[in-house]
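This is final-v4.pdb. It holds PDB, C-alpha atoms, pLDDT in the B column.
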MODEL        1
ATOM      1  CA  MET A 149       0.000   0.000   0.000  1.00 97.00           C
ATOM      2  CA  ARG A 150       1.214   3.494  -0.792  1.00 98.00           C
ATOM      3  CA  PHE A 151       0.822   6.690   1.238  1.00 98.00           C
ATOM      4  CA  ASP A 152       1.656  10.143  -0.155  1.00 98.00           C
ATOM      5  CA  ILE A 153       1.688  12.969   2.387  1.00 98.00           C
ATOM      6  CA  MET A 154       1.656  16.591   1.218  1.00 98.00           C
ATOM      7  CA  THR A 155       3.252  18.659   3.967  1.00 98.00           C
ATOM      8  CA  LEU A 156       5.390  21.656   4.898  1.00 97.00           C
ATOM      9  CA  PHE A 157       7.412  19.448   7.278  1.00 97.00           C
ATOM     10  CA  PRO A 158       8.440  16.210   5.528  1.00 98.00           C
ATOM     11  CA  GLU A 159      11.172  15.539   8.097  1.00 98.00           C
ATOM     12  CA  LEU A 160       8.603  15.420  10.879  1.00 98.00           C
ATOM     13  CA  VAL A 161       6.505  12.885   8.979  1.00 98.00           C
ATOM     14  CA  ASN A 162       9.470  10.716   8.028  1.00 98.00           C
ATOM     15  CA  ASN A 163      10.885  10.729  11.553  1.00 98.00           C
ATOM     16  CA  VAL A 164       7.632   9.561  13.114  1.00 98.00           C
ATOM     17  CA  LEU A 165       6.917   6.936  10.460  1.00 98.00           C
ATOM     18  CA  SER A 166      10.415   5.453  10.386  1.00 97.00           C
ATOM     19  CA  GLU A 167      10.256   3.885  13.844  1.00 97.00           C
ATOM     20  CA  SER A 168       8.887   0.674  15.368  1.00 97.00           C
ATOM     21  CA  ILE A 169       6.399  -1.504  13.445  1.00 97.00           C
ATOM     22  CA  ILE A 170       5.644   1.058  10.728  1.00 98.00           C
ATOM     23  CA  GLY A 171       9.348   1.699  10.153  1.00 98.00           C
ATOM     24  CA  ARG A 172      10.011  -2.033   9.758  1.00 97.00           C
ATOM     25  CA  ALA A 173       7.078  -2.374   7.359  1.00 98.00           C
ATOM     26  CA  ARG A 174       8.550   0.444   5.240  1.00 98.00           C
ATOM     27  CA  GLN A 175      11.945  -1.225   5.179  1.00 97.00           C
ATOM     28  CA  ALA A 176      10.376  -4.533   4.196  1.00 97.00           C
ATOM     29  CA  GLY A 177       8.494  -2.876   1.328  1.00 97.00           C
ATOM     30  CA  ILE A 178       5.059  -3.838   2.683  1.00 97.00           C
ATOM     31  CA  ILE A 179       4.027  -0.184   2.714  1.00 98.00           C
ATOM     32  CA  GLU A 180       5.447   2.811   0.871  1.00 98.00           C
ATOM     33  CA  ILE A 181       5.374   6.280   2.441  1.00 98.00           C
ATOM     34  CA  ASN A 182       6.356   9.415   0.525  1.00 98.00           C
ATOM     35  CA  ALA A 183       6.456  12.857   2.128  1.00 98.00           C
ATOM     36  CA  HIS A 184       6.143  15.660  -0.444  1.00 98.00           C
ATOM     37  CA  ASN A 185       7.296  19.163   0.498  1.00 98.00           C
ATOM     38  CA  ILE A 186       4.661  21.658  -0.660  1.00 98.00           C
ATOM     39  CA  ARG A 187       7.265  24.448  -0.519  1.00 97.00           C
ATOM     40  CA  ASP A 188       9.051  22.823  -3.464  1.00 97.00           C
ATOM     41  CA  TYR A 189       6.096  23.899  -5.617  1.00 98.00           C
ATOM     42  CA  SER A 190       6.053  27.548  -4.572  1.00 97.00           C
ATOM     43  CA  LYS A 191       6.745  30.108  -7.318  1.00 93.00           C
ATOM     44  CA  ASP A 192       7.772  32.671  -4.682  1.00 89.00           C
ATOM     45  CA  LYS A 193      11.526  33.344  -4.416  1.00 88.00           C
ATOM     46  CA  HIS A 194      11.274  32.905  -0.636  1.00 91.00           C
ATOM     47  CA  ARG A 195       9.308  29.643  -1.076  1.00 93.00           C
ATOM     48  CA  ARG A 196       6.249  31.125   0.603  1.00 94.00           C
ATOM     49  CA  VAL A 197       3.120  29.027   0.424  1.00 96.00           C
ATOM     50  CA  ASP A 198       0.748  31.252   2.438  1.00 95.00           C
ATOM     51  CA  ASP A 199      -0.988  34.616   2.122  1.00 95.00           C
ATOM     52  CA  THR A 200      -3.530  36.783   3.949  1.00 95.00           C
ATOM     53  CA  PRO A 201      -7.178  35.685   3.624  1.00 94.00           C
ATOM     54  CA  TYR A 202      -9.597  37.710   1.502  1.00 95.00           C
ATOM     55  CA  GLY A 203     -12.142  39.460   3.698  1.00 95.00           C
ATOM     56  CA  GLY A 204      -9.654  39.932   6.516  1.00 90.00           C
ATOM     57  CA  GLY A 205      -9.176  37.925   9.676  1.00 87.00           C
ATOM     58  CA  MET A 206      -6.377  36.591  11.808  1.00 85.00           C
ATOM     59  CA  GLY A 207      -3.521  34.481  10.509  1.00 91.00           C
ATOM     60  CA  MET A 208      -2.441  33.259   7.108  1.00 94.00           C
ATOM     61  CA  LEU A 209      -3.941  30.804   4.654  1.00 95.00           C
ATOM     62  CA  MET A 210      -2.169  28.172   2.554  1.00 96.00           C
ATOM     63  CA  ALA A 211      -2.458  29.207  -1.099  1.00 96.00           C
ATOM     64  CA  ALA A 212      -4.033  26.939  -3.709  1.00 97.00           C
ATOM     65  CA  PRO A 213      -1.351  26.838  -6.473  1.00 97.00           C
ATOM     66  CA  PRO A 214       1.518  25.095  -4.631  1.00 98.00           C
ATOM     67  CA  VAL A 215      -0.863  22.587  -3.041  1.00 98.00           C
ATOM     68  CA  TYR A 216      -2.456  21.810  -6.399  1.00 98.00           C
ATOM     69  CA  ASP A 217       0.879  21.510  -8.205  1.00 98.00           C
ATOM     70  CA  CYS A 218       2.190  19.200  -5.496  1.00 98.00           C
ATOM     71  CA  TYR A 219      -0.893  17.020  -5.808  1.00 98.00           C
ATOM     72  CA  CYS A 220      -0.633  16.845  -9.596  1.00 98.00           C
ATOM     73  CA  ASP A 221       2.993  15.736  -9.358  1.00 98.00           C
ATOM     74  CA  ILE A 222       2.109  12.644  -7.304  1.00 98.00           C
ATOM     75  CA  PRO A 223       1.606   9.480  -9.391  1.00 98.00           C
ATOM     76  CA  LYS A 224      -1.863   8.060  -8.680  1.00 98.00           C
ATOM     77  CA  CYS A 225      -3.063   4.508  -8.951  1.00 96.00           C
ATOM     78  CA  GLU A 226      -6.649   3.663  -9.876  1.00 96.00           C
ATOM     79  CA  SER A 227      -7.644   2.828  -6.291  1.00 98.00           C
ATOM     80  CA  CYS A 228      -6.717   6.109  -4.606  1.00 98.00           C
ATOM     81  CA  ARG A 229      -8.347   8.237  -1.891  1.00 98.00           C
ATOM     82  CA  THR A 230      -7.315  11.836  -1.136  1.00 98.00           C
ATOM     83  CA  VAL A 231      -7.832  13.031   2.432  1.00 98.00           C
ATOM     84  CA  TYR A 232      -7.472  16.410   4.131  1.00 98.00           C
ATOM     85  CA  MET A 233      -6.736  16.346   7.864  1.00 98.00           C
ATOM     86  CA  SER A 234      -9.088  18.946   9.316  1.00 95.00           C
ATOM     87  CA  PRO A 235     -10.965  19.605  12.596  1.00 91.00           C
ATOM     88  CA  LYS A 236     -14.009  20.141  10.350  1.00 93.00           C
ATOM     89  CA  GLY A 237     -13.829  16.577   9.054  1.00 95.00           C
ATOM     90  CA  LYS A 238     -15.683  13.467  10.139  1.00 95.00           C
ATOM     91  CA  PRO A 239     -14.137  11.742  13.180  1.00 96.00           C
ATOM     92  CA  LEU A 240     -11.594   9.018  12.518  1.00 97.00           C
ATOM     93  CA  THR A 241     -13.016   5.686  13.685  1.00 95.00           C
ATOM     94  CA  GLN A 242     -11.865   2.098  13.380  1.00 95.00           C
ATOM     95  CA  LYS A 243     -14.624   1.611  10.800  1.00 94.00           C
ATOM     96  CA  LYS A 244     -13.169   4.453   8.714  1.00 97.00           C
ATOM     97  CA  VAL A 245      -9.653   3.034   9.148  1.00 97.00           C
ATOM     98  CA  LYS A 246     -10.828  -0.327   7.814  1.00 97.00           C
ATOM     99  CA  GLU A 247     -12.519   1.410   4.877  1.00 98.00           C
ATOM    100  CA  LEU A 248      -9.329   3.307   4.006  1.00 98.00           C
ATOM    101  CA  SER A 249      -7.292   0.101   4.183  1.00 98.00           C
ATOM    102  CA  GLY A 250      -9.253  -1.114   1.167  1.00 98.00           C
ATOM    103  CA  TYR A 251      -7.534   1.414  -1.115  1.00 98.00           C
ATOM    104  CA  ASP A 252      -4.173   0.828  -2.777  1.00 98.00           C
ATOM    105  CA  GLN A 253      -3.108   4.449  -2.239  1.00 98.00           C
ATOM    106  CA  ILE A 254      -3.993   7.238   0.167  1.00 98.00           C
ATOM    107  CA  VAL A 255      -2.927  10.839  -0.468  1.00 98.00           C
ATOM    108  CA  ILE A 256      -3.045  13.045   2.635  1.00 98.00           C
ATOM    109  CA  LEU A 257      -2.929  16.846   2.728  1.00 98.00           C
ATOM    110  CA  CYS A 258      -1.622  18.414   5.933  1.00 98.00           C
ATOM    111  CA  GLY A 259      -2.931  21.919   6.549  1.00 96.00           C
ATOM    112  CA  HIS A 260      -1.193  24.706   8.477  1.00 91.00           C
ATOM    113  CA  TYR A 261      -1.779  28.269   9.631  1.00 87.00           C
ATOM    114  CA  GLU A 262      -5.515  29.065   9.396  1.00 89.00           C
ATOM    115  CA  GLY A 263      -6.157  26.359   6.837  1.00 93.00           C
ATOM    116  CA  VAL A 264      -6.128  25.940   3.062  1.00 97.00           C
ATOM    117  CA  ASP A 265      -7.781  27.880   0.226  1.00 97.00           C
ATOM    118  CA  GLN A 266     -11.172  26.226  -0.252  1.00 97.00           C
ATOM    119  CA  ARG A 267     -10.825  26.110  -4.031  1.00 97.00           C
ATOM    120  CA  VAL A 268      -8.021  23.556  -4.005  1.00 98.00           C
ATOM    121  CA  LEU A 269      -9.863  21.475  -1.412  1.00 98.00           C
ATOM    122  CA  ASP A 270     -12.877  21.372  -3.719  1.00 98.00           C
ATOM    123  CA  LEU A 271     -10.658  20.286  -6.601  1.00 98.00           C
ATOM    124  CA  ILE A 272      -8.611  17.475  -5.092  1.00 98.00           C
ATOM    125  CA  ILE A 273     -10.056  16.273  -1.765  1.00 98.00           C
ATOM    126  CA  ASP A 274     -12.364  13.247  -1.508  1.00 98.00           C
ATOM    127  CA  GLU A 275     -13.031  13.656   2.205  1.00 98.00           C
ATOM    128  CA  GLU A 276     -11.948  15.539   5.317  1.00 98.00           C
ATOM    129  CA  ILE A 277     -11.026  13.591   8.455  1.00 98.00           C
ATOM    130  CA  SER A 278     -10.592  14.779  12.042  1.00 97.00           C
ATOM    131  CA  ILE A 279      -8.802  12.963  14.865  1.00 97.00           C
ATOM    132  CA  GLY A 280     -10.763  14.819  17.551  1.00 95.00           C
ATOM    133  CA  ASP A 281     -12.565  17.940  18.636  1.00 94.00           C
ATOM    134  CA  TYR A 282      -9.484  20.074  19.198  1.00 92.00           C
ATOM    135  CA  VAL A 283      -7.105  22.148  17.077  1.00 90.00           C
ATOM    136  CA  LEU A 284      -3.420  21.361  16.444  1.00 93.00           C
ATOM    137  CA  THR A 285      -0.681  23.476  14.876  1.00 93.00           C
ATOM    138  CA  GLY A 286      -0.708  21.354  11.726  1.00 96.00           C
ATOM    139  CA  GLY A 287      -1.946  18.197  10.069  1.00 97.00           C
ATOM    140  CA  GLU A 288       1.285  16.191  10.241  1.00 98.00           C
ATOM    141  CA  ILE A 289       0.608  14.330  13.498  1.00 98.00           C
ATOM    142  CA  PRO A 290      -2.989  13.503  12.443  1.00 98.00           C
ATOM    143  CA  ALA A 291      -1.644  12.269   9.079  1.00 98.00           C
ATOM    144  CA  CYS A 292       0.832  10.000  10.870  1.00 98.00           C
ATOM    145  CA  ILE A 293      -2.021   8.622  12.974  1.00 98.00           C
ATOM    146  CA  VAL A 294      -3.999   7.740   9.847  1.00 98.00           C
ATOM    147  CA  VAL A 295      -0.982   6.038   8.257  1.00 98.00           C
ATOM    148  CA  ASP A 296      -0.245   4.086  11.446  1.00 98.00           C
ATOM    149  CA  ALA A 297      -3.846   2.971  11.956  1.00 98.00           C
ATOM    150  CA  VAL A 298      -4.377   1.929   8.336  1.00 98.00           C
ATOM    151  CA  SER A 299      -0.972   0.288   7.859  1.00 98.00           C
ATOM    152  CA  ARG A 300      -1.395  -2.137  10.743  1.00 97.00           C
ATOM    153  CA  LEU A 301      -4.415  -3.655   8.985  1.00 97.00           C
ATOM    154  CA  LYS A 302      -2.339  -4.593   5.935  1.00 97.00           C
ATOM    155  CA  GLU A 303      -1.121  -8.155   5.668  1.00 95.00           C
ATOM    156  CA  GLY A 304       2.451  -8.588   6.868  1.00 96.00           C
ATOM    157  CA  VAL A 305       2.667  -5.406   8.952  1.00 97.00           C
ATOM    158  CA  LEU A 306       1.671  -7.203  12.162  1.00 94.00           C
ATOM    159  CA  SER A 307       2.708 -10.762  12.935  1.00 83.00           C
ATOM    160  CA  ASP A 308      -0.871 -12.100  13.013  1.00 76.00           C
ATOM    161  CA  SER A 309      -4.317 -10.805  12.101  1.00 64.00           C
ATOM    162  CA  GLU A 310      -5.449 -11.524  15.681  1.00 53.00           C
ATOM    163  CA  CYS A 311      -3.234  -8.620  16.738  1.00 59.00           C
ATOM    164  CA  PHE A 312      -5.836  -6.213  15.345  1.00 59.00           C
ATOM    165  CA  GLU A 313      -8.986  -8.338  15.161  1.00 63.00           C
ATOM    166  CA  ASN A 314      -9.325  -8.859  18.917  1.00 58.00           C
ATOM    167  CA  GLU A 315      -8.546  -5.429  20.303  1.00 61.00           C
ATOM    168  CA  SER A 316     -10.289  -2.248  21.388  1.00 63.00           C
ATOM    169  CA  LEU A 317     -12.899  -0.904  18.943  1.00 75.00           C
ATOM    170  CA  SER A 318     -12.415  -3.642  16.340  1.00 66.00           C
ATOM    171  CA  GLU A 319     -15.588  -5.351  17.538  1.00 74.00           C
ATOM    172  CA  GLY A 320     -17.366  -2.167  18.573  1.00 83.00           C
ATOM    173  CA  MET A 321     -16.277  -2.426  22.213  1.00 90.00           C
ATOM    174  CA  LEU A 322     -13.228  -1.608  24.288  1.00 92.00           C
ATOM    175  CA  GLU A 323     -10.725  -4.381  24.863  1.00 93.00           C
ATOM    176  CA  TYR A 324     -10.856  -6.607  27.932  1.00 94.00           C
ATOM    177  CA  PRO A 325      -8.150  -6.185  30.637  1.00 94.00           C
ATOM    178  CA  GLN A 326      -4.955  -8.173  30.122  1.00 95.00           C
ATOM    179  CA  TYR A 327      -2.256  -9.494  32.450  1.00 96.00           C
ATOM    180  CA  THR A 328       1.249 -10.927  32.319  1.00 95.00           C
ATOM    181  CA  ARG A 329       3.886 -12.124  34.825  1.00 94.00           C
ATOM    182  CA  PRO A 330       4.296 -11.805  37.770  1.00 96.00           C
ATOM    183  CA  TYR A 331       1.193 -13.645  38.973  1.00 96.00           C
ATOM    184  CA  GLU A 332       0.895 -11.311  41.969  1.00 96.00           C
ATOM    185  CA  PHE A 333       1.731  -7.588  41.954  1.00 96.00           C
ATOM    186  CA  MET A 334       1.145  -5.175  44.844  1.00 96.00           C
ATOM    187  CA  GLY A 335      -1.242  -7.677  46.390  1.00 97.00           C
ATOM    188  CA  GLU A 336      -3.314  -8.074  43.207  1.00 96.00           C
ATOM    189  CA  LYS A 337      -3.435 -11.503  41.546  1.00 97.00           C
ATOM    190  CA  VAL A 338      -4.210 -12.492  37.963  1.00 96.00           C
ATOM    191  CA  PRO A 339      -7.864 -13.701  37.618  1.00 97.00           C
ATOM    192  CA  MET A 340      -7.976 -17.483  38.050  1.00 97.00           C
ATOM    193  CA  VAL A 341     -10.018 -18.039  34.884  1.00 97.00           C
ATOM    194  CA  LEU A 342      -6.993 -16.985  32.813  1.00 97.00           C
ATOM    195  CA  LEU A 343      -4.818 -19.659  34.400  1.00 96.00           C
ATOM    196  CA  GLY A 344      -7.022 -22.711  33.863  1.00 93.00           C
ATOM    197  CA  GLY A 345      -6.523 -23.237  30.136  1.00 95.00           C
ATOM    198  CA  ASN A 346     -10.270 -23.440  29.407  1.00 97.00           C
ATOM    199  CA  HIS A 347     -10.446 -21.203  26.341  1.00 97.00           C
ATOM    200  CA  LYS A 348     -14.231 -21.264  26.170  1.00 97.00           C
ATOM    201  CA  GLU A 349     -14.443 -19.877  29.699  1.00 97.00           C
ATOM    202  CA  ILE A 350     -11.644 -17.408  28.976  1.00 96.00           C
ATOM    203  CA  ASP A 351     -13.527 -16.094  25.923  1.00 96.00           C
ATOM    204  CA  LYS A 352     -16.709 -15.702  27.984  1.00 96.00           C
ATOM    205  CA  TRP A 353     -14.808 -13.849  30.708  1.00 96.00           C
ATOM    206  CA  ARG A 354     -13.128 -11.554  28.196  1.00 95.00           C
ATOM    207  CA  PHE A 355     -16.414 -10.693  26.498  1.00 95.00           C
ATOM    208  CA  LYS A 356     -18.029  -9.930  29.860  1.00 96.00           C
ATOM    209  CA  LYS A 357     -15.142  -7.699  30.939  1.00 95.00           C
ATOM    210  CA  ALA A 358     -15.038  -5.917  27.575  1.00 93.00           C
ATOM    211  CA  LEU A 359     -18.764  -5.202  27.876  1.00 94.00           C
ATOM    212  CA  GLU A 360     -18.355  -3.943  31.455  1.00 95.00           C
ATOM    213  CA  MET A 361     -15.450  -1.675  30.493  1.00 93.00           C
ATOM    214  CA  THR A 362     -17.302  -0.279  27.480  1.00 93.00           C
ATOM    215  CA  LYS A 363     -20.415   0.466  29.546  1.00 95.00           C
ATOM    216  CA  LYS A 364     -18.269   2.262  32.125  1.00 95.00           C
ATOM    217  CA  GLN A 365     -15.855   4.217  29.915  1.00 95.00           C
ATOM    218  CA  ARG A 366     -17.487   4.506  26.474  1.00 91.00           C
ATOM    219  CA  PRO A 367     -21.238   3.851  26.728  1.00 94.00           C
ATOM    220  CA  ASP A 368     -21.672   5.772  23.464  1.00 90.00           C
ATOM    221  CA  LEU A 369     -20.203   2.778  21.619  1.00 88.00           C
ATOM    222  CA  LEU A 370     -23.022   0.467  22.676  1.00 89.00           C
TER
ENDMDL
END
Can you turn what I pasted into structure tokens?
Amino acid sequence: MRFDIMTLFPELVNNVLSESIIGRARQAGIIEINAHNIRDYSKDKHRRVDDTPYGGGMGMLMAAPPVYDCYCDIPKCESCRTVYMSPKGKPLTQKKVKELSGYDQIVILCGHYEGVDQRVLDLIIDEEISIGDYVLTGGEIPACIVVDAVSRLKEGVLSDSECFENESLSEGMLEYPQYTRPYEFMGEKVPMVLLGGNHKEIDKWRFKKALEMTKKQRPDLL
């Protein structure tokens, strides 16, 4: 799968996505991640990509031409989705992540300043996605989150499909509590049902605990 990220800070994107599981998947060629510097497409001698908004207002706005030229320079495959990371977008959910994993290529635009000229968004963007009801300084971290979440659903990125099939939100509930050695820690012992080897009973216990945790912490999911 291929990801193309249009950004003003390609080093930030590459640094984050070159570590741990995603970094190893890149090295193995399972996923391809390209960070494209929008400044490289500026016609301004100072490589400016922003200007004051028409109608007045605080801050600067990313101009349409360099964003559009950057987008046009990216090779596209037939199964491609272009996303703009924006607090105005629909919330990123595990369902959306799974949907995005069905594409062969995802192009992501990272905004900055007060946003991006609406005209280029109308031209190139298929959908806007938000990672939460708050505002960040730029779209790079949200873009990295999308790449991380989608990549781990691709075959070969994780060691086994169970790594993502039986975890929080994949089944519409939070994940059950988990334990490892030592058996006793600060007076608290591992639940006996997990020690008996009866997988049917373990599955029942895990479902019950997942339901309890979801009701307590995220009742909106039920």
Straight-line distance linking atom CA of A:Gly207 with atom CA of A:Val283, stated in Å to one decimal:
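Straight-line distance from atom CA of A:Gly207 to atom CA of A:Val283 works out to 14.4 Å.
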Matched chain/residue IDs from the PyMOL selection byres ((chain A and resi 234) around 12), as a compact mmCIF listing (two decimals) with C-alpha atoms, keeping the file's coordinate frame:
# COMPACT_ATOMS: atom_id res chain seq x y z
CA VAL A 231 -7.83 13.03 2.43
CA TYR A 232 -7.47 16.41 4.13
CA MET A 233 -6.74 16.35 7.86
CA PRO A 235 -10.96 19.60 12.60
CA LYS A 236 -14.01 20.14 10.35
CA GLY A 237 -13.83 16.58 9.05
CA LYS A 238 -15.68 13.47 10.14
CA PRO A 239 -14.14 11.74 13.18
CA LEU A 240 -11.59 9.02 12.52
CA ILE A 256 -3.04 13.04 2.64
CA LEU A 257 -2.93 16.85 2.73
CA CYS A 258 -1.62 18.41 5.93
CA GLY A 259 -2.93 21.92 6.55
CA HIS A 260 -1.19 24.71 8.48
CA TYR A 261 -1.78 28.27 9.63
CA GLU A 262 -5.52 29.06 9.40
CA GLY A 263 -6.16 26.36 6.84
CA VAL A 264 -6.13 25.94 3.06
CA LEU A 269 -9.86 21.48 -1.41
CA ILE A 273 -10.06 16.27 -1.76
CA GLU A 275 -13.03 13.66 2.20
CA GLU A 276 -11.95 15.54 5.32
CA ILE A 277 -11.03 13.59 8.46
CA SER A 278 -10.59 14.78 12.04
CA ILE A 279 -8.80 12.96 14.86
CA GLY A 280 -10.76 14.82 17.55
CA ASP A 281 -12.56 17.94 18.64
CA TYR A 282 -9.48 20.07 19.20
CA VAL A 283 -7.10 22.15 17.08
CA LEU A 284 -3.42 21.36 16.44
CA THR A 285 -0.68 23.48 14.88
CA GLY A 286 -0.71 21.35 11.73
CA GLY A 287 -1.95 18.20 10.07
CA GLU A 288 1.28 16.19 10.24
CA ILE A 289 0.61 14.33 13.50
CA PRO A 290 -2.99 13.50 12.44
CA ALA A 291 -1.64 12.27 9.08
Test item: the PyMOL selection byres ((chain A and resi 250-254) around 6) resolved as an MDAnalysis selection string
chainID A and resid 149:151 227:230 247:249 255
Counting only C-alpha atoms, the option among A:Asp199, A:Asp152, A:Glu180, A:Asp192 closest to A:Tyr219:
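Distance minimum relative to A:Tyr219 lands on A:Asp152.
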Please write as a PyMOL selection string the list of polymer residues whose atoms come within 9 Å of (2.3, -5.9, 0.7), counting all atoms listed in the file and keeping to the coordinates of the file.
chain A and resi 149+173+176-179+302-305
Could you tell me which residues the PyMOL selection byres ((chain A and resi 217) around 12) returns for this structure, as a compact mmCIF listing (two decimals) with C-alpha atoms, in the frame of the given file?
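Output below, filename expr-v5.txt:
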# COMPACT_ATOMS: atom_id res chain seq x y z
CA MET A 154 1.66 16.59 1.22
CA HIS A 184 6.14 15.66 -0.44
CA ASN A 185 7.30 19.16 0.50
CA ILE A 186 4.66 21.66 -0.66
CA ARG A 187 7.26 24.45 -0.52
CA ASP A 188 9.05 22.82 -3.46
CA TYR A 189 6.10 23.90 -5.62
CA SER A 190 6.05 27.55 -4.57
CA LYS A 191 6.74 30.11 -7.32
CA VAL A 197 3.12 29.03 0.42
CA ALA A 211 -2.46 29.21 -1.10
CA ALA A 212 -4.03 26.94 -3.71
CA PRO A 213 -1.35 26.84 -6.47
CA PRO A 214 1.52 25.10 -4.63
CA VAL A 215 -0.86 22.59 -3.04
CA TYR A 216 -2.46 21.81 -6.40
CA CYS A 218 2.19 19.20 -5.50
CA TYR A 219 -0.89 17.02 -5.81
CA CYS A 220 -0.63 16.84 -9.60
CA ASP A 221 2.99 15.74 -9.36
CA ILE A 222 2.11 12.64 -7.30
CA VAL A 268 -8.02 23.56 -4.00
CA LEU A 271 -10.66 20.29 -6.60
CA ILE A 272 -8.61 17.48 -5.09
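Using only C-alpha atoms, the smallest distance between any of A:Ile153, A:Met208, A:Val295, A:Ala358 and A:Arg174 comes from A:Val295.
The interatomic distance for the pair atom CA of A:Thr155 and atom CA of A:Gly203 works out to 25.9 Å.
One distance worth recording is that between atom CA of A:Ser307 and atom CA of A:Arg172, which is 11.8 Å.
Closest approach to A:Arg267 among A:Met340, A:Met210, A:Leu160, A:Ile169 is made by A:Met210 (distances from all atoms listed in the file).
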Stretch 318-322 of chain A surroundings by all atoms listed in the file, 12 Å radius, close-in-sequence under 4 positions cut, as a PDB file with C-alpha atoms, in the frame of the given file:
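Listed below is the output, part.pdb:
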ATOM      1  CA  THR A 241     -13.016   5.686  13.685  1.00 95.00           C
ATOM      2  CA  GLN A 242     -11.865   2.098  13.380  1.00 95.00           C
ATOM      3  CA  LYS A 243     -14.624   1.611  10.800  1.00 94.00           C
ATOM      4  CA  LYS A 244     -13.169   4.453   8.714  1.00 97.00           C
ATOM      5  CA  VAL A 245      -9.653   3.034   9.148  1.00 97.00           C
ATOM      6  CA  LYS A 246     -10.828  -0.327   7.814  1.00 97.00           C
ATOM      7  CA  ALA A 297      -3.846   2.971  11.956  1.00 98.00           C
ATOM      8  CA  LEU A 301      -4.415  -3.655   8.985  1.00 97.00           C
ATOM      9  CA  SER A 309      -4.317 -10.805  12.101  1.00 64.00           C
ATOM     10  CA  GLU A 310      -5.449 -11.524  15.681  1.00 53.00           C
ATOM     11  CA  CYS A 311      -3.234  -8.620  16.738  1.00 59.00           C
ATOM     12  CA  PHE A 312      -5.836  -6.213  15.345  1.00 59.00           C
ATOM     13  CA  GLU A 313      -8.986  -8.338  15.161  1.00 63.00           C
ATOM     14  CA  ASN A 314      -9.325  -8.859  18.917  1.00 58.00           C
ATOM     15  CA  ARG A 354     -13.128 -11.554  28.196  1.00 95.00           C
ATOM     16  CA  PHE A 355     -16.414 -10.693  26.498  1.00 95.00           C
ATOM     17  CA  LYS A 356     -18.029  -9.930  29.860  1.00 96.00           C
ATOM     18  CA  LYS A 357     -15.142  -7.699  30.939  1.00 95.00           C
ATOM     19  CA  ALA A 358     -15.038  -5.917  27.575  1.00 93.00           C
ATOM     20  CA  LEU A 359     -18.764  -5.202  27.876  1.00 94.00           C
ATOM     21  CA  GLU A 360     -18.355  -3.943  31.455  1.00 95.00           C
ATOM     22  CA  MET A 361     -15.450  -1.675  30.493  1.00 93.00           C
ATOM     23  CA  THR A 362     -17.302  -0.279  27.480  1.00 93.00           C
ATOM     24  CA  LYS A 363     -20.415   0.466  29.546  1.00 95.00           C
ATOM     25  CA  LYS A 364     -18.269   2.262  32.125  1.00 95.00           C
ATOM     26  CA  GLN A 365     -15.855   4.217  29.915  1.00 95.00           C
ATOM     27  CA  ARG A 366     -17.487   4.506  26.474  1.00 91.00           C
ATOM     28  CA  PRO A 367     -21.238   3.851  26.728  1.00 94.00           C
ATOM     29  CA  ASP A 368     -21.672   5.772  23.464  1.00 90.00           C
ATOM     30  CA  LEU A 369     -20.203   2.778  21.619  1.00 88.00           C
ATOM     31  CA  LEU A 370     -23.022   0.467  22.676  1.00 89.00           C
TER      32      LEU A 370
END
Hey, what's within 9 Å of A:Glu159 if we count all atoms listed in the file and toss same-chain stuff fewer than 4 positions away? As a ChimeraX atom specification, please?
/A:163-164,183
Taking 3 positions as the minimum chain separation for residues in the same chain, which residues sit within 9 Å of A:Pro339 when counting all atoms listed in the file? Answer as a PyMOL selection string.
chain A and resi 327+342-343
With 3 Å added on each side, what axis-aligned box encloses every listed atom of stretch 189-208 of chain A? Give the centre and edge lengths in Å to one decimal, as AutoDock Vina command-line options.
--center_x -0.3 --center_y 31.9 --center_z 2.2 --size_x 29.7 --size_y 22.0 --size_z 25.1
Find, counting all atoms listed in the file, the residue in A:Lys352, A:Asn182, A:Lys193, A:Val298 that gets nearest to A:Pro223.
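Of A:Lys352, A:Asn182, A:Lys193, A:Val298, the one nearest A:Pro223, counting all atoms listed in the file, is A:Asn182.
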